[in-house]
Amino acid sequence: MSLIEIKDITKDYGKTRALDNISFTIEPNKIYGLLGRNGAGKTTLLNLLTNKLFPTSGDITIDGETVFENDKALGKVFYMMERNLYPETLRVKEVFKWTREYYPSFDIEYAGKLADSFGLPTNKRIKSLSTGYSSIFKVIVALASNAEIILLDEPVLGLDANHREQLYKEIITNYSEKPKTIIISTHLIEEVAELLEEVIIIDNGRLVKKEPAEQLLAAAYTVSGEASKVDKYIEDRKFTGEQVMGKFKSVVVLEEARHKDEALANELNLEFSMVELQKLFISLTNS
Amino acid sequence: MLLDFNSEKPIYLQLAEAIEDDILRGIFDEETQIVSTTEISVNFKINPATAGKGINLLVDEGILYKKRGVGMFVSSGAKEKILNKRKEGFFEGFILSLLEEASKLGISKDEIIKMIERGNER
């Protein structure tokens, strides 16, 4: 068990409001996607969750206990940061040992195996790692930490396609064998879309959506065809994400897919398709 | 087993159908073990809950069954069950929509039967 409750969190940096009265609950043992545009407040939220920052107001609890200045609650969370905060002169294997001091159930053997499978020599120094290998190294430490909650901030930064694929597979394997809460913050939405059980979207410091991925995608659909006919279809409907190419037009209709009007679409010669998470994200955060 | 991530059909339904196809084609025989939910989710990089939902659909229909601590197996009689189900679907999915389209185009019943015969000869 590791229930995270984010309660009325507001965070100001001087006059800038980074997070604006955000509240939601993160249920245990699910894979979450934390999505938002640059500067939306994702990293601020992760930093608050791990006591790296203090909120202006509000509280965050894990299993009922506040995370602020509370080692017991924080011991349940491993945070893989986008920035590298490890001492640069340390070697990979030294970081493994060092991490075990803070996370007693850190699995050194498993970490070594993962490093092997990615071709990361464990006697390399942190400073000599490329951007890609630095990401790989940090994700390995996170996966091997055996923490109940792991936060991955841009886990595939700088990775080539092969390594990204391998990394996603390792994340699923790890999760299947030892279910845990995994929160992935990323801009590569298309790549992780099928991996996510729930999606959290924040925009301009506010919570836009927090829903099961399936439910979110079922709440909209795409309709396309000849522009004037598409316009006719969307006359009395809520829509977003218009795309026009010559006489062709496609829009995201914001209504449950099961309510779509097949007969009208047939008559107007329109085509339906599923809305992709990335498209929906763009239309929800394009303000 | 193949999944189409651009399809309108939810992934868990596609997965259930893909497993059924593999049972029909004899890739998974009756009373033999199928791949695990983990293997499926890792391979397709899909959430394990999604994979589990697809598998459970087939368990509920009696096409697969769970052996505790071992894994998922194809039930005996699964092939026939799938065939019967698909035949019903064939009527709903193909025949009815064929008749609808035919009436739109003004094709008579006799003409349809002739077309089917012609198709058979090819």
# chains A, B, ... in the order shown; residues from 1 in each chain; ligands from 1

call {"tool": "closest_atom_pairs", "arguments": {"of": "segment 87-183 of chain A", "to": "segment 38-48 of chain B", "cutoff": "12 Å", "atoms": "only C-alpha atoms", "output": "Markdown table"}}
result
| residue | atom | partner | partner_atom | distance |
| --- | --- | --- | --- | --- |
| A:Arg164 | CA | B:Lys45 | CA | 11.0 |
| A:Glu165 | CA | B:Lys45 | CA | 8.2 |
| A:Gln166 | CA | B:Val42 | CA | 9.4 |
| A:Leu167 | CA | B:Lys45 | CA | 10.1 |
| A:Tyr168 | CA | B:Lys45 | CA | 6.7 |
| A:Lys169 | CA | B:Val42 | CA | 5.0 |
| A:Glu170 | CA | B:Val42 | CA | 7.8 |
| A:Ile171 | CA | B:Val42 | CA | 8.6 |
| A:Ile172 | CA | B:Val42 | CA | 5.8 |
| A:Thr173 | CA | B:Val42 | CA | 6.3 |
| A:Asn174 | CA | B:Thr38 | CA | 9.8 |
| A:Tyr175 | CA | B:Pro48 | CA | 8.5 |
| A:Ser176 | CA | B:Thr38 | CA | 6.1 |
| A:Glu177 | CA | B:Thr38 | CA | 8.3 |
| A:Lys178 | CA | B:Thr38 | CA | 11.5 |
| A:Pro179 | CA | B:Pro48 | CA | 10.1 |
| A:Ile182 | CA | B:Asn47 | CA | 11.6 |

call {"tool": "residues_around", "arguments": {"residues": "Phe54 of chain A", "least_positions_apart": "5", "cutoff": "9 Å", "atoms": "only C-alpha atoms", "output": "PyMOL selection string"}}
result
chain A and resi 11+47-48+68

call {"tool": "closest_atom_pairs", "arguments": {"of": "chain A", "to": "chain B", "cutoff": "6 Å", "atoms": "only C-alpha atoms", "output": "tab-separated table"}}
result
residue	atom	partner	partner_atom	distance
A:Lys169	CA	B:Val42	CA	5.0
A:Ile172	CA	B:Val42	CA	5.8
A:Glu194	CA	B:Ile46	CA	4.8
A:Leu195	CA	B:Asn47	CA	4.4
A:Leu196	CA	B:Asn47	CA	5.9
A:Ser273	CA	B:Glu8	CA	5.7
A:Met274	CA	B:Glu8	CA	4.9

call {"tool": "atom_distance", "arguments": {"atom1": "atom CA of Gly64 of chain A", "atom2": "atom CA of Ile149 of chain A"}}
result
14.9 Å

call {"tool": "atom_distance", "arguments": {"atom1": "atom CA of Trp98 of chain A", "atom2": "atom CA of Ala111 of chain A"}}
result
12.7 Å

call {"tool": "select_by_dssp", "arguments": {"residues": "segment 69-198 of chain A", "states": "alpha helix (DSSP H)", "output": "MDAnalysis selection string"}}
result
chainID A and resid 71:74 92:102 108:117 131:144 161:177 189:192

call {"tool": "select_by_dssp", "arguments": {"residues": "segment 7-234 of chain A", "states": "strand (DSSP E)", "output": "JSON, numbers by chain"}}
result
{"A": [7, 8, 9, 10, 11, 12, 13, 16, 17, 18, 19, 20, 21, 22, 23, 24, 25, 26, 31, 32, 33, 34, 35, 57, 58, 59, 60, 61, 62, 65, 66, 77, 78, 79, 80, 149, 150, 151, 152, 153, 181, 182, 183, 184, 185, 198, 199, 200, 201, 202, 203, 206, 207, 208, 209, 210, 211, 212, 221, 222, 223, 224, 225, 226]}

call {"tool": "residues_around", "arguments": {"residues": "Glu242 of chain A", "least_positions_apart": "3", "cutoff": "7 Å", "atoms": "only C-alpha atoms", "output": "PyMOL selection string"}}
result
chain A and resi 250-252

call {"tool": "residues_around", "arguments": {"residues": "segment 88-100 of chain B", "least_positions_apart": "2", "cutoff": "12 Å", "atoms": "only C-alpha atoms", "output": "ChimeraX atom specification"}}
result
/B:81-86,102-113,115-116

call {"tool": "residues_around", "arguments": {"residues": "Ser76 of chain B", "least_positions_apart": "6", "cutoff": "12 Å", "atoms": "only C-alpha atoms", "output": "list of chain:residue names"}}
result
B:Ile23, B:Phe28, B:Asp29, B:Glu30, B:Glu31, B:Thr32, B:Gln33, B:Gly62, B:Ile63, B:Leu64, B:Tyr65, B:Ile82

call {"tool": "atom_distance", "arguments": {"atom1": "atom CA of Ile140 of chain A", "atom2": "atom CA of Tyr32 of chain A"}}
result
18.5 Å

call {"tool": "residues_around", "arguments": {"residues": "segment 24-26 of chain A", "least_positions_apart": "4", "cutoff": "10 Å", "atoms": "only C-alpha atoms", "output": "PDB file with N, CA, C and O atoms, in the first residue's frame"}}
result
ATOM      1  N   SER A   2       0.473   2.187  -0.781  1.00  0.00           N
ATOM      2  CA  SER A   2       1.139   3.481  -0.763  1.00  0.00           C
ATOM      3  C   SER A   2       0.255   4.460  -1.500  1.00  0.00           C
ATOM      4  O   SER A   2       0.418   4.710  -2.679  1.00  0.00           O
ATOM      5  N   LEU A   3      -0.719   4.979  -0.771  1.00  0.00           N
ATOM      6  CA  LEU A   3      -1.689   5.905  -1.334  1.00  0.00           C
ATOM      7  C   LEU A   3      -1.165   7.334  -1.203  1.00  0.00           C
ATOM      8  O   LEU A   3      -0.836   7.787  -0.116  1.00  0.00           O
ATOM      9  N   ILE A   4      -1.055   8.016  -2.326  1.00  0.00           N
ATOM     10  CA  ILE A   4      -0.576   9.395  -2.285  1.00  0.00           C
ATOM     11  C   ILE A   4      -1.775  10.334  -2.390  1.00  0.00           C
ATOM     12  O   ILE A   4      -2.597  10.191  -3.292  1.00  0.00           O
ATOM     13  N   GLU A   5      -1.871  11.265  -1.453  1.00  0.00           N
ATOM     14  CA  GLU A   5      -2.933  12.259  -1.541  1.00  0.00           C
ATOM     15  C   GLU A   5      -2.334  13.651  -1.644  1.00  0.00           C
ATOM     16  O   GLU A   5      -1.560  14.067  -0.781  1.00  0.00           O
ATOM     17  N   ILE A   6      -2.699  14.320  -2.712  1.00  0.00           N
ATOM     18  CA  ILE A   6      -2.232  15.691  -2.943  1.00  0.00           C
ATOM     19  C   ILE A   6      -3.409  16.600  -2.623  1.00  0.00           C
ATOM     20  O   ILE A   6      -4.461  16.484  -3.241  1.00  0.00           O
ATOM     21  N   LYS A   7      -3.223  17.430  -1.599  1.00  0.00           N
ATOM     22  CA  LYS A   7      -4.369  18.191  -1.086  1.00  0.00           C
ATOM     23  C   LYS A   7      -4.141  19.686  -1.211  1.00  0.00           C
ATOM     24  O   LYS A   7      -3.261  20.231  -0.540  1.00  0.00           O
ATOM     25  N   ASP A   8      -4.917  20.316  -2.049  1.00  0.00           N
ATOM     26  CA  ASP A   8      -4.923  21.786  -2.202  1.00  0.00           C
ATOM     27  C   ASP A   8      -3.521  22.381  -2.317  1.00  0.00           C
ATOM     28  O   ASP A   8      -3.204  23.354  -1.638  1.00  0.00           O
ATOM     29  N   ILE A   9      -2.704  21.791  -3.152  1.00  0.00           N
ATOM     30  CA  ILE A   9      -1.320  22.253  -3.252  1.00  0.00           C
ATOM     31  C   ILE A   9      -1.200  23.492  -4.132  1.00  0.00           C
ATOM     32  O   ILE A   9      -1.630  23.492  -5.281  1.00  0.00           O
ATOM     33  N   LYS A  30      -0.258   1.392  -9.841  1.00  0.00           N
ATOM     34  CA  LYS A  30      -0.673   1.658 -11.214  1.00  0.00           C
ATOM     35  C   LYS A  30       0.459   2.409 -11.908  1.00  0.00           C
ATOM     36  O   LYS A  30       1.271   3.059 -11.256  1.00  0.00           O
ATOM     37  N   ILE A  31       0.454   2.349 -13.239  1.00  0.00           N
ATOM     38  CA  ILE A  31       1.414   3.142 -14.002  1.00  0.00           C
ATOM     39  C   ILE A  31       0.709   4.418 -14.466  1.00  0.00           C
ATOM     40  O   ILE A  31      -0.299   4.350 -15.170  1.00  0.00           O
ATOM     41  N   TYR A  32       1.242   5.553 -14.015  1.00  0.00           N
ATOM     42  CA  TYR A  32       0.641   6.843 -14.346  1.00  0.00           C
ATOM     43  C   TYR A  32       1.513   7.589 -15.347  1.00  0.00           C
ATOM     44  O   TYR A  32       2.731   7.499 -15.291  1.00  0.00           O
ATOM     45  N   ILE A  60       0.842  17.106   1.119  1.00  0.00           N
ATOM     46  CA  ILE A  60       0.888  15.855   0.364  1.00  0.00           C
ATOM     47  C   ILE A  60       1.156  14.743   1.373  1.00  0.00           C
ATOM     48  O   ILE A  60       2.065  14.855   2.198  1.00  0.00           O
ATOM     49  N   THR A  61       0.343  13.692   1.313  1.00  0.00           N
ATOM     50  CA  THR A  61       0.555  12.597   2.253  1.00  0.00           C
ATOM     51  C   THR A  61       0.725  11.281   1.505  1.00  0.00           C
ATOM     52  O   THR A  61       0.208  11.101   0.402  1.00  0.00           O
ATOM     53  N   ILE A  62       1.503  10.388   2.122  1.00  0.00           N
ATOM     54  CA  ILE A  62       1.602   9.015   1.629  1.00  0.00           C
ATOM     55  C   ILE A  62       1.096   8.129   2.755  1.00  0.00           C
ATOM     56  O   ILE A  62       1.613   8.193   3.881  1.00  0.00           O
ATOM     57  N   THR A 181       3.781   1.699  -7.677  1.00  0.00           N
ATOM     58  CA  THR A 181       3.272   2.891  -8.343  1.00  0.00           C
ATOM     59  C   THR A 181       4.403   3.491  -9.168  1.00  0.00           C
ATOM     60  O   THR A 181       5.486   3.741  -8.644  1.00  0.00           O
ATOM     61  N   ILE A 183       5.211   6.648 -11.750  1.00  0.00           N
ATOM     62  CA  ILE A 183       4.736   7.884 -12.378  1.00  0.00           C
ATOM     63  C   ILE A 183       5.776   8.318 -13.402  1.00  0.00           C
ATOM     64  O   ILE A 183       6.930   8.559 -13.063  1.00  0.00           O
ATOM     65  N   GLU A 198      -3.296   5.182 -16.042  1.00  0.00           N
ATOM     66  CA  GLU A 198      -3.980   6.440 -15.786  1.00  0.00           C
ATOM     67  C   GLU A 198      -3.161   7.611 -16.308  1.00  0.00           C
ATOM     68  O   GLU A 198      -1.939   7.539 -16.404  1.00  0.00           O
ATOM     69  N   ILE A 200      -2.474  11.799 -15.962  1.00  0.00           N
ATOM     70  CA  ILE A 200      -2.637  13.057 -15.223  1.00  0.00           C
ATOM     71  C   ILE A 200      -2.145  14.158 -16.148  1.00  0.00           C
ATOM     72  O   ILE A 200      -0.999  14.135 -16.588  1.00  0.00           O
ATOM     73  N   LEU A 207      -4.757  21.289 -12.631  1.00  0.00           N
ATOM     74  CA  LEU A 207      -5.047  19.923 -13.043  1.00  0.00           C
ATOM     75  C   LEU A 207      -6.142  19.945 -14.114  1.00  0.00           C
ATOM     76  O   LEU A 207      -7.229  20.480 -13.890  1.00  0.00           O
ATOM     77  N   LYS A 209      -6.856  16.943 -16.219  1.00  0.00           N
ATOM     78  CA  LYS A 209      -7.480  15.617 -16.219  1.00  0.00           C
ATOM     79  C   LYS A 209      -6.709  14.688 -15.313  1.00  0.00           C
ATOM     80  O   LYS A 209      -5.491  14.775 -15.203  1.00  0.00           O
ATOM     81  N   LYS A 210      -7.442  13.786 -14.682  1.00  0.00           N
ATOM     82  CA  LYS A 210      -6.802  12.674 -13.984  1.00  0.00           C
ATOM     83  C   LYS A 210      -7.775  11.519 -14.124  1.00  0.00           C
ATOM     84  O   LYS A 210      -8.771  11.455 -13.422  1.00  0.00           O
TER      85      LYS A 210
END

call {"tool": "residues_around", "arguments": {"residues": "Pro104 of chain A", "least_positions_apart": "6", "cutoff": "12 Å", "atoms": "only C-alpha atoms", "output": "list in words"}}
result
Gly75, Lys76, Phe96, Lys97, Trp98, Ala144, Ser145, Asn146 and Ala147 of chain A
